[in-house]
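Structure record follows, encoded as structure tokens.
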Amino acid sequence: GKVRLRHLLLCTQLLKSLIRHDYNLPAGAVKVFVDDLVNELHSFRQFAWQAMTAILKQQKVRPDTLEISPAEIAGLTEVSTTCLSGPRPDNEWLCYHKSKLPASKEEWQQVIFVHKPHTSYYCWPKSVVVHAPEAKQHALRKHLTELSEEELVIQEALMSEAFISKMIGFLSLEIQKGRDHFDQQKFDMLKGLFRNYCDQFVPLFRPHVERLAGDSQEHCQRCAAEIISAMIRSSRHWTYDQIENMKEWLTPVLRKVVASITVETYTDWATCFNLATANRDPRFVAWLLELLFSIQLIGENDSFGDATRLLILDGALCQGEWRVSELLHRLEKLLMPQLDNPYQAVRDRVGNTLFEVFWYDSELPSTNSSDTPLLKNFISAVLPQLQCLLAALPNGGAGSSRHSPIMARASPADRDSGRNSPDAALPRLLQTNLTLPATPD
């Protein structure tokens, strides 16, 4: 009856609250939450998602680490002791350079990936400890062959095709039409699964992901976005062959997805790409970034599609922060011809994306912004295109311009100091407009 169901839900919630970070949950309790992943009641499934995220974090294996010498990797005698933010000779090897990306399995296995974007931005710590490259990751490989009783409960359930089909059916279920969004709880749980068990479950998920991504319904697209983002994000310790297999079948799926995003699903896919590249070395997700650049960003007579593709690329690229200057320069070149795009939605998105492009062009003390796109170069390139505004003024801008539209927005100090010509006011007005904070979409 109703009382029994209420009490059962209360017991499940109490059991979930007993999960601790320093004590692994027994196999019997783990099975309770695994079974609830396919419970017909949404409340039980929500508790199961939260509990499974915590359980999988309990079971997470610490990867092998090693201490590195940044100076030795950079080919220097020592790292800089001066606090200078941005790219420097001693951290240049962390930055994204397409010509230096690993091209073979042997090169990939020797690359030192540093996933936290803040590392070495101002200076290097005294001791730099990173995760060992694939060739030296022995703990993770050994773990997959020696699963504990609690881990076997999860593995046995998710190796069942019937269980996976039922679970994905509930994951893709629409709860409140028009109010459902990308679910962080589902993403966290799926990320834990793919992180702890690598690609063991990928062959079972693959047909469902392809079906969901090809479906035009909002809830199906959302579920596909959650699974794909979790899979890419959790592949940090996968082997080279596992990552290559994932890239091989995800690339055509993502191309179709980006080409067919709808008004209802564009925020879900933007979140997908943003989370997939968060806290990941841009060299590690180079295949995804290059894939987004290879897709035609600006088409013809499709303002929504153009704006959406720019939003997705911007969301994925901003996670690389200061380490993707090369890609920011490429993006700036793509955006320059679109400043006068006939569609307002595209122009707005171009403006917001340019704000991200010039984010690291700073004149703060001890800041090196020489490698990033510079705002002054952009203004110099755009300024000649704005001379047509002067032609609209009386007498072509000659003579008194105190009451001109441009000078109306100039400061009183500018007007009274003799700098009252439109040619002097226009660059200052343009620069002021470009440095305003970006408004959220």
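Labeling convention for the structure tokens: chains A, B, ... as they appear, residues from 1 per chain, ligands from 1 in order of appearance.
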Could you pull the residues within 12 Å of Tyr266 in chain A, counting only C-alpha atoms, minus those fewer than 2 positions along the same chain, as a PyMOL selection string? chain A and resi 181-182+218+221-222+225+257-264+268-273+304-312+315+441
Those residues you just picked out, can you put them in a file as a CSV table (one decimal), in the first residue's frame with C-alpha atoms?
chain,number,residue,atom,x,y,z
A,181,HIS,CA,17.5,19.8,-18.9
A,182,PHE,CA,20.9,18.1,-19.0
A,218,GLU,CA,14.2,16.1,-27.2
A,221,GLN,CA,18.8,13.7,-27.7
A,222,ARG,CA,19.4,14.8,-24.1
A,225,ALA,CA,24.4,14.1,-24.8
A,257,VAL,CA,24.4,15.7,-34.2
A,258,VAL,CA,26.0,19.1,-34.8
A,259,ALA,CA,24.3,19.3,-38.2
A,260,SER,CA,20.8,18.5,-36.8
A,261,ILE,CA,20.6,20.3,-33.4
A,262,THR,CA,17.2,21.8,-32.7
A,263,VAL,CA,15.9,24.7,-30.7
A,264,GLU,CA,14.9,22.3,-27.9
A,268,ASP,CA,22.0,20.2,-23.9
A,269,TRP,CA,24.6,19.6,-26.6
A,270,ALA,CA,26.4,22.8,-25.7
A,271,THR,CA,26.6,21.5,-22.1
A,272,CYS,CA,27.8,18.1,-23.4
A,273,PHE,CA,30.8,19.5,-25.3
A,304,PHE,CA,20.1,29.2,-35.8
A,305,GLY,CA,22.5,26.5,-37.0
A,306,ASP,CA,25.4,29.0,-37.4
A,307,ALA,CA,24.9,30.5,-33.9
A,308,THR,CA,24.6,27.0,-32.3
A,309,ARG,CA,27.7,25.7,-33.9
A,310,LEU,CA,29.6,28.8,-32.7
A,311,LEU,CA,28.2,28.3,-29.2
A,312,ILE,CA,29.3,24.6,-29.1
A,315,GLY,CA,32.0,26.1,-25.0
A,441,ASP,CA,22.4,33.9,-23.8
Can you check which residues of range 32-261 of chain A DSSP gives as strand (DSSP E) on the backbone and send them as a ChimeraX atom specification? /A:65-68,128-131
Kindly give the distance, in Å, that separates CA of His208 in chain A and CA of Phe194 in chain A, rounded to a single decimal.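 Separating CA of His208 in chain A from CA of Phe194 in chain A is a distance of 15.6 Å.
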Using CA of Val128 in chain A and CA of Ala230 in chain A as the two end points, give the distance in Å to one decimal.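 It comes out at 27.6 Å.
Excluding Leu173 in chain A itself and any same-chain residue fewer than 6 positions from it, the protein and nucleic acid residues within 10 Å of it, counting only C-alpha atoms, are His42, Met167, His219, Cys220, Arg222 and Cys223 of chain A.
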Exercise: Ser85 in chain A partners within 12 Å, only C-alpha atoms, chain neighbours under 6 positions left out, as a PyMOL selection string: chain A and resi 91-92+118-124+322-323+360-371
Two-atom distance - CA of Gly214 in chain A, CA of Asn196 in chain A (Å):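 Separating CA of Gly214 in chain A from CA of Asn196 in chain A is a distance of 27.9 Å.
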Please extract the residues of range 165-232 of chain A with a backbone DSSP assignment of helix (DSSP H, G or I) and present them as number ranges by chain. A: 165-171, 184-197, 202-214, 218-232
